[in-house]
$ cat data20.cif   # mmCIF, C-alpha atoms
data_structure
loop_
_atom_site.label_atom_id
_atom_site.label_comp_id
_atom_site.auth_asym_id
_atom_site.auth_seq_id
_atom_site.Cartn_x
_atom_site.Cartn_y
_atom_site.Cartn_z
CA MET V 11 -31.18 47.67 -56.17
CA LYS V 12 -30.67 51.44 -55.88
CA PRO V 13 -33.45 53.51 -54.30
CA THR V 14 -33.89 55.51 -57.53
CA ALA V 15 -34.35 52.32 -59.56
CA LEU V 16 -36.80 51.02 -56.94
CA ALA V 17 -38.75 54.30 -57.10
CA ALA V 18 -38.83 54.14 -60.92
CA LEU V 19 -40.10 50.55 -60.80
CA ALA V 20 -42.78 51.52 -58.28
CA ALA V 21 -43.83 54.46 -60.46
CA VAL V 22 -44.17 52.20 -63.52
CA TRP V 23 -46.21 49.69 -61.51
CA LEU V 24 -48.44 52.44 -60.14
CA CYS V 25 -48.99 53.88 -63.62
CA ALA V 26 -49.95 50.45 -64.99
CA ALA V 27 -52.20 49.71 -62.03
CA SER V 28 -53.91 53.09 -62.13
CA THR V 29 -54.55 52.66 -65.89
CA ALA V 30 -56.21 49.33 -65.18
CA TRP V 31 -58.32 50.83 -62.36
CA ALA V 32 -59.21 53.86 -64.40
CA SER V 33 -60.66 51.80 -67.25
CA PRO V 34 -63.20 49.34 -65.87
CA ARG V 35 -65.03 47.23 -68.43
CA LEU V 36 -68.16 48.74 -69.82
CA ASP V 37 -71.45 46.97 -69.29
CA PHE V 38 -73.71 46.33 -72.26
CA ASN V 39 -75.81 49.47 -71.76
CA GLN V 40 -72.68 51.61 -71.71
CA LEU V 41 -71.46 49.86 -74.86
CA VAL V 42 -74.80 50.54 -76.54
CA ASP V 43 -74.59 54.24 -75.63
CA ARG V 44 -71.08 54.50 -77.02
CA VAL V 45 -71.92 52.63 -80.24
CA ALA V 46 -75.03 54.78 -80.68
CA GLY V 47 -72.84 57.86 -80.31
CA ALA V 48 -70.33 56.53 -82.82
CA LEU V 49 -73.05 55.74 -85.37
CA HIS V 50 -74.96 58.96 -84.61
CA CYS V 51 -78.19 57.14 -83.87
CA ARG V 52 -80.29 55.86 -80.97
CA PRO V 53 -81.17 52.32 -79.92
CA GLN V 54 -84.63 51.23 -81.08
CA HIS V 55 -87.33 49.45 -79.08
CA PRO V 56 -85.09 49.08 -75.98
CA HIS V 57 -87.80 47.38 -73.86
CA LEU V 58 -88.77 44.83 -76.51
CA VAL V 59 -85.13 44.10 -77.36
CA GLY V 60 -84.34 43.89 -73.64
CA MET V 61 -87.02 41.23 -73.23
CA VAL V 62 -85.63 39.25 -76.18
CA SER V 63 -82.16 39.54 -74.65
CA PHE V 64 -83.51 38.26 -71.34
CA PHE V 65 -84.99 35.12 -72.90
CA ALA V 66 -81.86 34.65 -75.01
CA ARG V 67 -79.79 34.66 -71.83
CA LEU V 68 -81.91 31.86 -70.35
CA SER V 69 -80.89 29.47 -73.10
CA HIS V 70 -77.28 28.53 -73.78
CA PRO V 71 -77.14 27.58 -77.47
CA HIS V 72 -73.80 25.93 -78.20
CA GLU V 73 -72.56 26.96 -74.75
CA ALA V 74 -72.97 30.64 -75.61
CA ARG V 75 -73.98 32.67 -72.57
CA GLY V 76 -74.78 36.19 -71.53
CA MET V 77 -76.34 37.21 -74.81
CA HIS V 78 -77.32 40.86 -75.17
CA ILE V 79 -78.94 42.42 -78.21
CA ALA V 80 -79.46 46.00 -79.32
CA ILE V 81 -80.97 47.39 -82.51
CA PHE V 82 -80.26 50.80 -83.99
CA GLU V 83 -81.82 52.82 -86.77
CA THR V 84 -78.98 54.57 -88.53
CA HIS V 85 -79.28 57.53 -90.85
CA GLY V 86 -77.33 58.15 -94.00
CA GLU V 87 -73.97 56.64 -94.71
CA SER V 88 -73.06 54.78 -91.55
CA ASN V 89 -69.81 52.90 -91.34
CA LEU V 90 -69.21 50.15 -88.82
CA ASP V 91 -65.54 51.11 -88.67
CA ALA V 92 -66.71 53.62 -86.08
CA VAL V 93 -67.70 50.78 -83.74
CA ALA V 94 -64.07 49.85 -83.07
CA GLY V 95 -63.42 53.32 -81.68
CA ALA V 96 -66.41 53.06 -79.36
CA LEU V 97 -65.29 49.88 -77.63
CA ASP V 98 -63.35 49.69 -74.39
CA ALA V 99 -59.95 48.07 -74.02
CA GLY V 100 -59.16 44.50 -74.94
CA TRP V 101 -61.37 43.99 -77.99
CA THR V 102 -59.74 42.67 -81.17
CA GLN V 103 -61.43 42.72 -84.54
CA ILE V 104 -61.23 39.28 -86.13
CA ILE V 105 -63.68 39.63 -89.02
CA ARG V 106 -64.50 42.51 -91.33
CA HIS V 107 -67.09 42.08 -94.06
CA ASP V 108 -68.16 44.96 -96.28
CA ASN V 109 -70.47 44.36 -99.21
CA TYR V 110 -70.81 47.70 -100.96
CA ARG V 111 -73.10 46.22 -103.64
CA ASP V 112 -75.74 45.24 -101.10
CA HIS V 113 -74.80 47.92 -98.55
CA GLU V 114 -74.17 45.37 -95.83
CA GLN V 115 -71.43 45.47 -93.25
CA ALA V 116 -70.40 43.21 -90.40
CA ARG V 117 -67.67 43.26 -87.79
CA ILE V 118 -66.81 40.61 -85.20
CA PHE V 119 -64.67 41.47 -82.20
CA VAL V 120 -63.44 39.17 -79.44
CA ARG V 121 -62.01 39.72 -75.98
CA GLN V 122 -60.57 37.02 -73.78
CA ASP V 123 -61.95 36.70 -70.28
CA GLY V 124 -60.10 33.83 -68.61
CA LYS V 125 -61.05 30.62 -70.38
CA ARG V 126 -64.05 32.28 -71.96
CA PHE V 127 -64.35 34.77 -74.78
CA GLN V 128 -66.60 37.74 -75.09
CA MET V 129 -67.79 38.19 -78.66
CA LEU V 130 -69.25 41.34 -80.08
CA ILE V 131 -71.01 41.15 -83.42
CA ALA V 132 -72.04 44.34 -85.20
CA ASN V 133 -74.13 44.13 -88.32
CA LEU V 134 -75.52 46.81 -90.61
CA ASP V 135 -78.24 45.99 -93.14
CA ASP V 136 -79.02 47.72 -96.42
CA ASP V 137 -82.07 49.38 -94.86
CA GLY V 138 -79.88 51.16 -92.30
CA GLU V 139 -80.78 48.91 -89.38
CA ALA V 140 -77.82 47.94 -87.24
CA GLN V 141 -77.70 45.14 -84.71
CA LEU V 142 -75.26 44.75 -81.88
CA VAL V 143 -74.96 41.39 -80.15
CA THR V 144 -72.61 40.41 -77.35
CA LEU V 145 -72.23 36.93 -75.93
CA GLU V 146 -69.75 34.77 -74.09
CA VAL V 147 -68.35 31.50 -75.38
CA ALA V 148 -65.71 29.06 -74.20
CA PRO V 149 -63.91 27.60 -77.25
CA GLY V 150 -63.18 24.31 -75.46
CA ASP V 151 -66.82 23.85 -74.40
CA LEU V 152 -67.99 24.97 -77.81
CA ILE V 153 -65.84 22.36 -79.62
CA HIS V 154 -66.97 19.69 -77.16
CA GLU V 155 -70.63 20.61 -77.62
CA LEU V 156 -70.30 20.70 -81.42
CA ASP V 157 -68.55 17.31 -81.41
CA ARG V 158 -71.36 15.86 -79.30
CA HIS V 159 -73.92 17.36 -81.65
CA ARG V 160 -72.15 15.96 -84.71
CA SER V 161 -71.74 12.48 -83.23
CA GLN V 162 -75.48 12.40 -82.48
CA ASN V 163 -76.20 13.18 -86.12
CA MET R 30 -18.38 47.40 -70.22
CA ARG R 31 -21.48 46.95 -68.10
CA LYS R 32 -23.08 49.90 -69.88
CA ARG R 33 -22.31 48.37 -73.29
CA LEU R 34 -23.75 45.05 -72.20
CA GLY R 35 -26.83 46.88 -71.01
CA VAL R 36 -27.25 48.61 -74.38
CA LEU R 37 -26.70 45.28 -76.19
CA PHE R 38 -29.23 43.52 -73.96
CA THR R 39 -31.80 46.31 -74.48
CA GLY R 40 -31.18 46.13 -78.25
CA LEU R 41 -31.72 42.38 -78.25
CA LEU R 42 -34.90 42.79 -76.23
CA LEU R 43 -36.22 45.37 -78.68
CA ALA R 44 -35.20 43.31 -81.72
CA ALA R 45 -36.63 40.03 -80.46
CA PRO R 46 -40.26 40.78 -81.36
CA LEU R 47 -39.19 41.92 -84.84
CA VAL R 48 -37.33 38.67 -85.48
CA ALA R 49 -40.20 36.64 -84.06
CA GLN R 50 -42.69 38.47 -86.25
CA GLN R 51 -40.98 37.74 -89.56
CA PRO R 52 -43.47 35.11 -90.76
CA ARG R 53 -46.17 37.71 -90.08
CA LEU R 54 -46.72 40.09 -92.96
CA ASP R 55 -47.94 43.66 -92.87
CA MET R 56 -50.85 43.23 -95.27
CA HIS R 57 -51.98 46.82 -95.53
CA LEU R 58 -52.80 47.69 -99.16
CA SER R 59 -53.58 51.36 -99.38
CA GLY R 60 -56.46 52.47 -101.54
CA LEU R 61 -57.59 49.07 -102.75
CA ALA R 62 -60.35 48.51 -100.19
CA ALA R 63 -62.04 51.75 -101.22
CA ARG R 64 -62.28 50.45 -104.81
CA ALA R 65 -63.68 47.05 -103.86
CA SER R 66 -67.31 46.08 -104.05
CA GLU R 67 -66.77 43.48 -101.35
CA VAL R 68 -64.12 43.37 -98.65
CA ASN R 69 -63.47 40.42 -96.36
CA GLU R 70 -60.74 40.47 -93.74
CA VAL R 71 -59.96 37.75 -91.24
CA SER R 72 -57.43 38.25 -88.48
CA LEU R 73 -57.14 35.33 -86.08
CA ASP R 74 -54.19 34.99 -83.76
CA GLY R 75 -53.37 34.09 -80.20
CA ALA R 76 -56.38 33.18 -78.17
CA ALA R 77 -58.80 34.32 -80.89
CA LEU R 78 -57.47 31.54 -83.11
CA LYS R 79 -58.95 28.99 -80.71
CA LEU R 80 -62.31 30.58 -81.24
CA GLY R 81 -61.81 30.45 -85.02
CA MET R 82 -60.97 26.76 -84.71
CA ALA R 83 -64.22 26.17 -82.88
CA PHE R 84 -66.12 27.71 -85.76
CA LEU R 85 -64.02 25.80 -88.27
CA ASN R 86 -64.91 22.62 -86.41
CA ASN R 87 -68.56 23.43 -86.97
CA ASP R 88 -67.97 23.50 -90.70
CA SER R 89 -69.61 20.52 -92.38
CA ASP R 90 -66.43 20.09 -94.37
CA MET R 91 -64.34 19.92 -91.20
CA ASP R 92 -63.49 16.25 -91.66
CA ARG R 93 -60.90 17.33 -94.19
CA VAL R 94 -59.21 19.66 -91.73
CA ASP R 95 -56.78 18.03 -89.40
CA ARG R 96 -57.06 19.37 -85.85
CA GLU R 97 -53.39 18.77 -85.29
CA LEU R 98 -52.68 21.10 -88.18
CA LEU R 99 -54.81 23.82 -86.64
CA SER R 100 -53.16 23.46 -83.24
CA LYS R 101 -49.76 24.16 -84.80
CA LEU R 102 -50.86 27.49 -86.21
CA LYS R 103 -50.26 30.80 -84.47
CA GLY R 104 -52.16 33.09 -86.78
CA ILE R 105 -54.36 33.20 -89.86
CA TYR R 106 -54.70 36.50 -91.71
CA VAL R 107 -56.76 36.89 -94.86
CA LEU R 108 -57.53 39.84 -97.12
CA ASN R 109 -60.04 39.36 -99.90
CA TYR R 110 -61.21 42.10 -102.24
CA GLU R 111 -63.78 41.66 -104.99
CA PHE R 112 -64.33 44.28 -107.65
CA ASP R 113 -67.13 44.97 -110.09
CA HIS R 114 -64.59 46.26 -112.61
CA THR R 115 -60.86 45.72 -112.70
CA PRO R 116 -59.44 48.73 -110.86
CA PRO R 117 -56.26 50.39 -112.12
CA GLU R 118 -54.86 49.98 -108.59
CA LEU R 119 -54.88 46.19 -108.93
CA ASN R 120 -51.34 45.99 -110.23
CA ASP R 121 -47.82 45.05 -109.21
CA THR R 122 -47.15 48.51 -107.77
CA THR R 123 -49.96 48.14 -105.25
CA LEU R 124 -48.74 44.69 -104.28
CA ALA R 125 -45.11 45.83 -104.03
CA PRO R 126 -45.17 46.43 -100.23
CA ILE R 127 -46.20 42.82 -99.66
CA ARG R 128 -43.81 41.43 -102.26
CA GLN R 129 -40.95 43.41 -100.69
CA GLN R 130 -41.56 41.65 -97.39
CA LEU R 131 -41.58 38.33 -99.19
CA GLN R 132 -38.11 39.06 -100.55
CA ALA R 133 -36.67 39.18 -97.04
CA ARG R 134 -34.44 36.42 -95.71
CA GLY R 135 -36.37 33.29 -94.84
CA TRP R 136 -39.09 33.74 -97.45
CA SER R 137 -39.02 31.82 -100.72
CA ARG R 138 -41.56 31.39 -103.48
CA ILE R 139 -42.39 27.75 -104.06
CA VAL R 140 -45.34 27.95 -106.42
CA THR R 141 -46.34 30.19 -109.30
CA SER R 142 -49.46 29.12 -111.09
CA ARG R 143 -51.02 30.94 -113.99
CA SER R 144 -54.24 29.98 -115.67
CA SER R 145 -56.57 31.62 -118.15
CA SER R 146 -60.29 31.47 -118.43
CA ARG R 147 -63.11 33.52 -119.91
CA ARG R 148 -62.89 35.81 -116.90
CA GLY R 149 -59.23 36.52 -117.62
CA SER R 150 -55.94 35.32 -116.26
CA GLU R 151 -55.43 34.14 -112.70
CA THR R 152 -52.10 34.07 -110.91
CA ASP R 153 -51.45 32.22 -107.68
CA GLU R 154 -48.19 32.53 -105.79
CA VAL R 155 -47.30 30.54 -102.70
CA TYR R 156 -44.40 31.51 -100.45
CA VAL R 157 -43.00 29.78 -97.37
CA TYR R 158 -40.99 31.21 -94.51
CA THR R 159 -38.36 28.87 -93.09
CA ASP R 160 -36.34 29.48 -89.95
CA ALA R 161 -32.61 28.93 -89.51
CA ALA R 162 -33.24 25.26 -88.75
CA GLY R 163 -35.08 24.83 -92.04
CA GLN R 164 -38.49 24.49 -90.38
CA ILE R 165 -41.41 26.15 -92.16
CA GLN R 166 -42.80 28.78 -89.79
CA GLY R 167 -45.10 30.65 -92.12
CA LEU R 168 -46.82 30.68 -95.44
CA ALA R 169 -48.18 33.34 -97.74
CA VAL R 170 -50.46 33.21 -100.75
CA ILE R 171 -51.18 35.93 -103.29
CA SER R 172 -54.05 35.04 -105.56
CA ARG R 173 -54.91 37.58 -108.24
CA GLU R 174 -57.72 37.58 -110.75
CA PRO R 175 -58.90 40.51 -112.89
CA ARG R 176 -61.67 41.24 -110.41
CA GLU R 177 -60.48 39.62 -107.21
CA LEU R 178 -57.44 39.71 -104.99
CA SER R 179 -56.71 37.47 -102.01
CA VAL R 180 -53.69 37.68 -99.75
CA VAL R 181 -53.27 35.02 -97.08
CA ASN R 182 -50.65 34.86 -94.37
CA ILE R 183 -50.52 31.82 -92.11
CA VAL R 184 -48.08 31.88 -89.19
CA GLY R 185 -47.06 28.60 -87.61
CA THR R 186 -45.78 25.22 -88.61
CA ILE R 187 -47.55 24.28 -91.80
CA ARG R 188 -46.49 22.35 -94.86
CA PRO R 189 -47.52 23.75 -98.26
CA GLU R 190 -49.54 20.63 -99.05
CA GLU R 191 -51.51 21.20 -95.84
CA LEU R 192 -52.73 24.49 -97.30
CA THR R 193 -55.23 22.56 -99.38
CA GLN R 194 -56.86 21.37 -96.15
CA LEU R 195 -57.52 24.96 -95.12
CA SER R 196 -58.51 26.14 -98.60
CA GLY R 197 -62.10 27.22 -98.72
CA HIS R 198 -62.24 27.85 -94.96
CA LEU R 199 -61.94 31.16 -93.09
CA GLY R 200 -61.75 33.08 -96.36
CA ILE R 201 -58.68 31.20 -97.59
CA PRO R 202 -59.01 30.77 -101.37
CA LYS R 203 -58.66 27.42 -103.07
CA VAL R 204 -55.13 27.22 -104.40
CA ASP R 205 -53.49 24.44 -106.38
CA VAL R 206 -50.17 23.78 -104.71
CA LYS R 207 -47.94 22.62 -107.52
CA PRO R 208 -44.15 22.73 -107.65
CA LYS R 209 -42.51 25.98 -108.74
CA GLY R 210 -42.25 26.32 -112.48
CA ASP R 211 -45.29 24.18 -113.13
CA GLU R 212 -46.91 27.04 -114.92
CA GLN R 213 -49.69 26.81 -117.44
#
$ encode --input "data20.cif" --output "structure tokens"
Amino acid sequence: MKPTALAALAAVWLCAASTAWASPRLDFNQLVDRVAGALHCRPQHPHLVGMVSFFARLSHPHEARGMHIAIFETHGESNLDAVAGALDAGWTQIIRHDNYRDHEQARIFVRQDGKRFQMLIANLDDDGEAQLVTLEVAPGDLIHELDRHRSQN
Amino acid sequence: MRKRLGVLFTGLLLAAPLVAQQPRLDMHLSGLAARASEVNEVSLDGAALKLGMAFLNNDSDMDRVDRELLSKLKGIYVLNYEFDHTPPELNDTTLAPIRQQLQARGWSRIVTSRSSSRRGSETDEVYVYTDAAGQIQGLAVISREPRELSVVNIVGTIRPEELTQLSGHLGIPKVDVKPKGDEQ
């Protein structure tokens, strides 16, 4: 391989690596700040919601782990489409639900993390309250757990 | 010669994803979502499809859905718009971008079903995408009612009759899969 080709390959690798280093994954608090900025609102009752999140993390319903919850009070015409722009890399929107009659919106995003998935659920009610929930699930474990649950019933 | 081969190889590399993506439709319908009173979109592919399967498994009606069928799928994409009043945009012109894709090589319409009720006429169209070996690699459904439109694109090995197993799940509308020409 020619030295110029080798240098070009190294430059490409360095660019890719530096992009990965430059964009570490956001933690939940950072996500909340960014979503709040996108929806032009502030998180409500952070201490109470934090306590609920803590107890939610202790239980693993259907193998879901690492649950975090945030609640926002939005003003005016909020649109959950803005949430997608507030997320860091790797998230894919899998569900969009907009009910303009009842002024309800929901978005579900997923991001793969090895064998597990991170899920982010954003919901906006007709009274302007928005909820943001993140959790981790492993599809294989989830199917196994659901099968076990079904066979017991 | 080496340069030409290089250009050819690069061209093939660039074209490969396009060829591989043929069963996948671009389902963007401009302007229609803004007119809808309810919008539902499902986009499950790759690893996210596994997660969708897990939720499908939790469905009480799951017994009807064959897991082997699900494991053969590569993607499920659904658009569903409901309207309070029939919008002028709900016409053939709006659907033309999707229909144009369905006229490409590999796609063929296998079912056209029309029915009338008090709510108006309903038209269901089912298309399949077959590869050079004659294997079905994708399926598309356009279901149109006066106040509702559903477009479904399933990528993967699926037989038309298996569509009924998925109907009613993940936003996929219930469609009668009858042979082409069996119109009412």
$ atom_distance --input "data20.cif" --atom1 "atom CA of R:Ser144" --atom2 "atom CA of R:His114"
19.5 Å
$ interface_residues --input "data20.cif" --of "chain R" --to "chain V" --cutoff "9 Å" --atoms "all atoms listed in the file" --output "PyMOL selection string"
chain R and resi 65-74+76-77+79-84+86-87+113
$ closest_residue --input "data20.cif" --among "R:Pro189, R:Pro117, R:Pro175, R:Gly197" --to "R:Arg147" --atoms "all atoms listed in the file"
R:Pro175
$ residues_around --input "data20.cif" --residues "V:Ala96" --least-positions-apart "2" --cutoff "6 Å" --atoms "only C-alpha atoms" --output "JSON, numbers by chain"
{"V": [44, 45, 93, 94]}
$ atom_distance --input "data20.cif" --atom1 "atom CA of V:His85" --atom2 "atom CA of V:Gln40"
21.1 Å
$ closest_residue --input "data20.cif" --among "V:Asp43, V:Gln54, V:Glu139, V:Glu146" --to "V:Thr84" --atoms "all atoms listed in the file"
V:Glu139
$ residues_around --input "data20.cif" --residues "stretch 166-172 of chain R" --least-positions-apart "3" --cutoff "10 Å" --atoms "all atoms listed in the file" --output "count of residues only"
54
$ atom_distance --input "data20.cif" --atom1 "atom CA of V:Ala80" --atom2 "atom CA of V:Asn39"
9.1 Å
